>>> print(open('input01.pdb').read())   # PDB, C-alpha atoms
ATOM      1  CA  MET A 290      18.357  11.694 -69.367
ATOM      2  CA  ASN A 291      18.630  14.052 -72.300
ATOM      3  CA  GLN A 292      22.236  14.792 -73.184
ATOM      4  CA  SER A 293      23.224  15.978 -76.608
ATOM      5  CA  VAL A 294      26.640  15.386 -78.050
ATOM      6  CA  ILE A 295      28.279  18.440 -79.569
ATOM      7  CA  HIS A 296      30.651  17.713 -82.401
ATOM      8  CA  GLN A 297      32.956  20.721 -82.170
ATOM      9  CA  PRO A 298      34.465  20.361 -85.681
ATOM     10  CA  ARG A 299      30.930  20.498 -87.108
ATOM     11  CA  VAL A 300      30.075  23.588 -85.049
ATOM     12  CA  VAL A 301      33.277  25.229 -86.302
ATOM     13  CA  TRP A 302      32.690  24.386 -89.972
ATOM     14  CA  ASP A 303      29.013  25.377 -89.939
ATOM     15  CA  GLY A 304      29.939  28.572 -88.119
ATOM     16  CA  ALA A 305      32.710  29.414 -90.573
ATOM     17  CA  ARG A 306      30.404  29.104 -93.560
ATOM     18  CA  ALA A 307      27.674  31.105 -91.818
ATOM     19  CA  PHE A 308      30.022  33.904 -90.777
ATOM     20  CA  VAL A 309      31.191  34.316 -94.371
ATOM     21  CA  ARG A 310      27.596  34.356 -95.657
ATOM     22  CA  ALA A 311      26.716  36.951 -93.027
ATOM     23  CA  ALA A 312      29.750  39.088 -93.888
ATOM     24  CA  ASN A 313      28.457  39.368 -97.433
ATOM     25  CA  GLY A 314      24.767  39.468 -96.598
ATOM     26  CA  PRO A 315      22.143  42.187 -96.280
ATOM     27  CA  ASP A 316      21.913  41.813 -92.492
ATOM     28  CA  TYR A 317      25.638  42.274 -91.959
ATOM     29  CA  GLU A 318      25.288  45.196 -89.523
ATOM     30  CA  THR A 319      22.948  43.266 -87.230
ATOM     31  CA  PHE A 320      25.084  40.138 -87.324
ATOM     32  CA  ALA A 321      28.305  42.118 -86.785
ATOM     33  CA  GLY A 322      26.737  43.827 -83.773
ATOM     34  CA  GLN A 323      25.951  40.436 -82.263
ATOM     35  CA  VAL A 324      29.498  39.230 -82.932
ATOM     36  CA  LEU A 325      30.883  42.312 -81.185
ATOM     37  CA  LYS A 326      28.540  41.922 -78.232
ATOM     38  CA  ARG A 327      28.937  38.161 -77.798
ATOM     39  CA  LEU A 328      32.425  37.301 -79.085
ATOM     40  CA  GLY A 329      34.364  40.539 -78.743
ATOM     41  CA  SER A 330      36.127  43.169 -80.777
ATOM     42  CA  ASP A 331      38.812  40.904 -82.268
ATOM     43  CA  LEU A 332      36.327  38.702 -84.104
ATOM     44  CA  TYR A 333      34.205  41.745 -84.939
ATOM     45  CA  GLY A 334      37.238  43.273 -86.658
ATOM     46  CA  GLU A 335      37.965  40.026 -88.485
ATOM     47  CA  LEU A 336      34.372  39.946 -89.718
ATOM     48  CA  ALA A 337      34.774  43.475 -91.094
ATOM     49  CA  ASN A 338      38.013  42.409 -92.819
ATOM     50  CA  THR A 339      36.225  39.419 -94.342
ATOM     51  CA  ARG A 340      33.447  41.683 -95.622
ATOM     52  CA  GLN A 341      35.963  44.033 -97.190
ATOM     53  CA  ARG A 342      37.864  41.211 -98.920
ATOM     54  CA  LEU A 343      34.628  39.701-100.252
ATOM     55  CA  GLN A 344      33.460  43.047-101.597
ATOM     56  CA  VAL A 345      36.792  43.772-103.279
ATOM     57  CA  ALA A 346      36.806  40.297-104.828
ATOM     58  CA  SER A 347      33.293  40.742-106.184
ATOM     59  CA  ILE A 348      34.282  44.034-107.836
ATOM     60  CA  GLU A 349      37.524  42.687-109.276
ATOM     61  CA  SER A 350      36.163  39.336-110.443
ATOM     62  CA  SER A 351      34.112  39.155-113.599
ATOM     63  CA  ASP A 352      33.015  35.560-113.026
ATOM     64  CA  ASP A 353      31.321  33.735-110.169
ATOM     65  CA  ASP A 354      34.563  32.408-108.692
ATOM     66  CA  ARG A 355      34.150  30.984-105.193
ATOM     67  CA  PHE A 356      37.870  31.187-104.462
ATOM     68  CA  THR A 357      37.644  34.148-102.077
ATOM     69  CA  THR A 358      34.596  32.730-100.301
ATOM     70  CA  ASP A 359      36.347  29.397 -99.799
ATOM     71  CA  ILE A 360      39.502  31.088 -98.490
ATOM     72  CA  GLU A 361      37.472  33.200 -96.067
ATOM     73  CA  ALA A 362      35.567  30.151 -94.812
ATOM     74  CA  SER A 363      38.890  28.407 -94.203
ATOM     75  CA  ARG A 364      40.145  31.403 -92.248
ATOM     76  CA  TRP A 365      37.000  31.398 -90.132
ATOM     77  CA  ARG A 366      37.287  27.675 -89.543
ATOM     78  CA  VAL A 367      40.731  28.222 -88.026
ATOM     79  CA  ARG A 368      39.593  31.244 -85.977
ATOM     80  CA  LEU A 369      36.542  29.502 -84.575
ATOM     81  CA  ASP A 370      38.446  26.299 -83.899
ATOM     82  CA  GLU A 371      41.010  28.211 -81.859
ATOM     83  CA  LEU A 372      38.299  30.175 -80.059
ATOM     84  CA  LEU A 373      36.323  27.090 -79.074
ATOM     85  CA  ARG A 374      39.387  25.136 -77.994
ATOM     86  CA  ASN A 375      40.257  27.948 -75.611
ATOM     87  CA  ARG A 376      36.675  28.806 -74.694
ATOM     88  CA  PRO A 377      34.389  25.766 -75.054
ATOM     89  CA  ASP A 378      31.765  27.693 -73.104
ATOM     90  CA  LEU A 379      31.220  29.752 -76.284
ATOM     91  CA  ILE A 380      30.020  26.764 -78.323
ATOM     92  CA  PRO A 381      26.344  27.620 -77.713
ATOM     93  CA  THR A 382      27.006  31.229 -78.707
ATOM     94  CA  VAL A 383      28.617  30.214 -82.007
ATOM     95  CA  GLN A 384      25.736  27.803 -82.637
ATOM     96  CA  GLU A 385      23.178  30.545 -81.985
ATOM     97  CA  LEU A 386      24.971  33.010 -84.260
ATOM     98  CA  THR A 387      25.178  30.327 -86.953
ATOM     99  CA  THR A 388      21.448  29.693 -86.862
ATOM    100  CA  THR A 389      20.661  33.387 -87.292
ATOM    101  CA  VAL A 390      22.295  33.530 -90.715
TER
END
>>> encode(input="input01.pdb", output="structure tokens")
Amino acid sequence: MNQSVIHQPRVVWDGARAFVRAANGPDYETFAGQVLKRLGSDLYGELANTRQRLQVASIESSDDDRFTTDIEASRWRVRLDELLRNRPDLIPTVQELTTTV
């Protein structure tokens, strides 16, 4: 018997950090396309908003302040937590997207 236990808060937190990295990464377009295809237009739009906020913060900030990144990760933690509470069937999808980052 091979059952694995999924710790949803860990999936959410790992996913949140990965989504923020992807929003600011070189493979954003590919990742965003997968988010659109697998999680829908609402989260796709939120990912675009995250990217925009991160880019604006990097232009406006002269130091390596992680404030914006931390805020965005917190926002994604809440979004993904709500998503997976309502749709636990999407846990594997979030895990797969997380591992691609």
>>> residues_around(input="input01.pdb", residues="Leu336 in chain A", least_positions_apart="3", cutoff="12 Å", atoms="only C-alpha atoms", output="ChimeraX atom specification")
/A:305,307-314,317-318,320-325,328-333,339-343,361-362,364-365,368-369
>>> closest_residue(input="input01.pdb", among="A:His296, A:Arg306, A:Arg355, A:Lys326", to="Val367 in chain A", atoms="all atoms listed in the file")
A:Arg306
>>> atom_distance(input="input01.pdb", atom1="CA of Glu371 in chain A", atom2="CA of Trp302 in chain A")
12.2 Å
>>> atom_distance(input="input01.pdb", atom1="CA of Asp370 in chain A", atom2="CA of Asp316 in chain A")
24.2 Å
>>> closest_residue(input="input01.pdb", among="A:Ala337, A:Val300, A:Ile360, A:Ile348", to="Pro381 in chain A", atoms="all atoms listed in the file")
A:Val300
>>> atom_distance(input="input01.pdb", atom1="CA of Thr319 in chain A", atom2="CA of Phe356 in chain A")
25.8 Å
>>> resolve_selection(input="input01.pdb", expression="the PyMOL selection byres ((chain A and resi 387) around 8)", output="PDB file with C-alpha atoms, in the frame of the given file")
ATOM      1  CA  ASP A 303      29.013  25.377 -89.939  1.00  0.00           C
ATOM      2  CA  GLY A 304      29.939  28.572 -88.119  1.00  0.00           C
ATOM      3  CA  ALA A 307      27.674  31.105 -91.818  1.00  0.00           C
ATOM      4  CA  PHE A 308      30.022  33.904 -90.777  1.00  0.00           C
ATOM      5  CA  VAL A 383      28.617  30.214 -82.007  1.00  0.00           C
ATOM      6  CA  GLN A 384      25.736  27.803 -82.637  1.00  0.00           C
ATOM      7  CA  GLU A 385      23.178  30.545 -81.985  1.00  0.00           C
ATOM      8  CA  LEU A 386      24.971  33.010 -84.260  1.00  0.00           C
ATOM      9  CA  THR A 388      21.448  29.693 -86.862  1.00  0.00           C
ATOM     10  CA  THR A 389      20.661  33.387 -87.292  1.00  0.00           C
ATOM     11  CA  VAL A 390      22.295  33.530 -90.715  1.00  0.00           C
TER      12      VAL A 390
END
>>> decode(input="input01.pdb", residues="range 325-346 of chain A", atoms="N, CA, C and O atoms", output="PDB file, in the first residue's frame")
ATOM      1  N   LEU A 325      -2.892  29.664 -17.216  1.00  0.00           N
ATOM      2  CA  LEU A 325      -4.144  29.922 -17.932  1.00  0.00           C
ATOM      3  C   LEU A 325      -4.828  28.613 -18.314  1.00  0.00           C
ATOM      4  O   LEU A 325      -6.022  28.427 -18.059  1.00  0.00           O
ATOM      5  N   LYS A 326      -4.070  27.716 -18.890  1.00  0.00           N
ATOM      6  CA  LYS A 326      -4.619  26.447 -19.370  1.00  0.00           C
ATOM      7  C   LYS A 326      -5.133  25.562 -18.228  1.00  0.00           C
ATOM      8  O   LYS A 326      -6.185  24.938 -18.342  1.00  0.00           O
ATOM      9  N   ARG A 327      -4.397  25.539 -17.107  1.00  0.00           N
ATOM     10  CA  ARG A 327      -4.697  24.565 -16.062  1.00  0.00           C
ATOM     11  C   ARG A 327      -5.470  25.130 -14.876  1.00  0.00           C
ATOM     12  O   ARG A 327      -6.157  24.382 -14.178  1.00  0.00           O
ATOM     13  N   LEU A 328      -5.357  26.442 -14.633  1.00  0.00           N
ATOM     14  CA  LEU A 328      -6.032  27.024 -13.467  1.00  0.00           C
ATOM     15  C   LEU A 328      -7.027  28.120 -13.823  1.00  0.00           C
ATOM     16  O   LEU A 328      -7.772  28.567 -12.958  1.00  0.00           O
ATOM     17  N   GLY A 329      -7.023  28.571 -15.064  1.00  0.00           N
ATOM     18  CA  GLY A 329      -8.035  29.519 -15.499  1.00  0.00           C
ATOM     19  C   GLY A 329      -7.575  30.959 -15.594  1.00  0.00           C
ATOM     20  O   GLY A 329      -6.483  31.335 -15.178  1.00  0.00           O
ATOM     21  N   SER A 330      -8.463  31.761 -16.161  1.00  0.00           N
ATOM     22  CA  SER A 330      -8.126  33.152 -16.480  1.00  0.00           C
ATOM     23  C   SER A 330      -7.989  34.047 -15.253  1.00  0.00           C
ATOM     24  O   SER A 330      -7.224  35.014 -15.283  1.00  0.00           O
ATOM     25  N   ASP A 331      -8.701  33.750 -14.171  1.00  0.00           N
ATOM     26  CA  ASP A 331      -8.579  34.586 -12.972  1.00  0.00           C
ATOM     27  C   ASP A 331      -7.159  34.551 -12.414  1.00  0.00           C
ATOM     28  O   ASP A 331      -6.562  35.600 -12.141  1.00  0.00           O
ATOM     29  N   LEU A 332      -6.626  33.351 -12.235  1.00  0.00           N
ATOM     30  CA  LEU A 332      -5.270  33.241 -11.695  1.00  0.00           C
ATOM     31  C   LEU A 332      -4.232  33.698 -12.717  1.00  0.00           C
ATOM     32  O   LEU A 332      -3.187  34.242 -12.345  1.00  0.00           O
ATOM     33  N   TYR A 333      -4.513  33.508 -13.987  1.00  0.00           N
ATOM     34  CA  TYR A 333      -3.631  34.021 -15.037  1.00  0.00           C
ATOM     35  C   TYR A 333      -3.529  35.549 -14.928  1.00  0.00           C
ATOM     36  O   TYR A 333      -2.441  36.112 -14.986  1.00  0.00           O
ATOM     37  N   GLY A 334      -4.654  36.203 -14.752  1.00  0.00           N
ATOM     38  CA  GLY A 334      -4.667  37.656 -14.592  1.00  0.00           C
ATOM     39  C   GLY A 334      -3.939  38.099 -13.338  1.00  0.00           C
ATOM     40  O   GLY A 334      -3.209  39.099 -13.340  1.00  0.00           O
ATOM     41  N   GLU A 335      -4.120  37.354 -12.253  1.00  0.00           N
ATOM     42  CA  GLU A 335      -3.412  37.681 -11.009  1.00  0.00           C
ATOM     43  C   GLU A 335      -1.901  37.517 -11.171  1.00  0.00           C
ATOM     44  O   GLU A 335      -1.130  38.288 -10.600  1.00  0.00           O
ATOM     45  N   LEU A 336      -1.488  36.523 -11.945  1.00  0.00           N
ATOM     46  CA  LEU A 336      -0.066  36.332 -12.199  1.00  0.00           C
ATOM     47  C   LEU A 336       0.502  37.521 -12.982  1.00  0.00           C
ATOM     48  O   LEU A 336       1.592  38.010 -12.685  1.00  0.00           O
ATOM     49  N   ALA A 337      -0.252  37.997 -13.953  1.00  0.00           N
ATOM     50  CA  ALA A 337       0.177  39.179 -14.719  1.00  0.00           C
ATOM     51  C   ALA A 337       0.266  40.400 -13.807  1.00  0.00           C
ATOM     52  O   ALA A 337       1.211  41.203 -13.920  1.00  0.00           O
ATOM     53  N   ASN A 338      -0.691  40.551 -12.897  1.00  0.00           N
ATOM     54  CA  ASN A 338      -0.647  41.674 -11.944  1.00  0.00           C
ATOM     55  C   ASN A 338       0.578  41.571 -11.039  1.00  0.00           C
ATOM     56  O   ASN A 338       1.234  42.583 -10.753  1.00  0.00           O
ATOM     57  N   THR A 339       0.881  40.362 -10.584  1.00  0.00           N
ATOM     58  CA  THR A 339       2.068  40.152  -9.760  1.00  0.00           C
ATOM     59  C   THR A 339       3.322  40.547 -10.531  1.00  0.00           C
ATOM     60  O   THR A 339       4.191  41.247 -10.015  1.00  0.00           O
ATOM     61  N   ARG A 340       3.407  40.110 -11.770  1.00  0.00           N
ATOM     62  CA  ARG A 340       4.579  40.455 -12.605  1.00  0.00           C
ATOM     63  C   ARG A 340       4.727  41.970 -12.724  1.00  0.00           C
ATOM     64  O   ARG A 340       5.830  42.510 -12.568  1.00  0.00           O
ATOM     65  N   GLN A 341       3.621  42.632 -12.981  1.00  0.00           N
ATOM     66  CA  GLN A 341       3.676  44.090 -13.133  1.00  0.00           C
ATOM     67  C   GLN A 341       4.145  44.758 -11.836  1.00  0.00           C
ATOM     68  O   GLN A 341       5.009  45.641 -11.860  1.00  0.00           O
ATOM     69  N   ARG A 342       3.601  44.352 -10.701  1.00  0.00           N
ATOM     70  CA  ARG A 342       4.004  44.947  -9.428  1.00  0.00           C
ATOM     71  C   ARG A 342       5.477  44.690  -9.127  1.00  0.00           C
ATOM     72  O   ARG A 342       6.196  45.574  -8.634  1.00  0.00           O
ATOM     73  N   LEU A 343       5.964  43.490  -9.428  1.00  0.00           N
ATOM     74  CA  LEU A 343       7.371  43.174  -9.204  1.00  0.00           C
ATOM     75  C   LEU A 343       8.279  44.014 -10.097  1.00  0.00           C
ATOM     76  O   LEU A 343       9.328  44.499  -9.660  1.00  0.00           O
ATOM     77  N   GLN A 344       7.875  44.191 -11.340  1.00  0.00           N
ATOM     78  CA  GLN A 344       8.685  44.991 -12.260  1.00  0.00           C
ATOM     79  C   GLN A 344       8.714  46.463 -11.855  1.00  0.00           C
ATOM     80  O   GLN A 344       9.769  47.096 -11.882  1.00  0.00           O
ATOM     81  N   VAL A 345       7.575  46.995 -11.456  1.00  0.00           N
ATOM     82  CA  VAL A 345       7.527  48.386 -11.000  1.00  0.00           C
ATOM     83  C   VAL A 345       8.394  48.558  -9.760  1.00  0.00           C
ATOM     84  O   VAL A 345       9.165  49.506  -9.645  1.00  0.00           O
ATOM     85  N   ALA A 346       8.306  47.620  -8.839  1.00  0.00           N
ATOM     86  CA  ALA A 346       9.098  47.702  -7.604  1.00  0.00           C
ATOM     87  C   ALA A 346      10.589  47.645  -7.903  1.00  0.00           C
ATOM     88  O   ALA A 346      11.376  48.356  -7.269  1.00  0.00           O
TER      89      ALA A 346
END
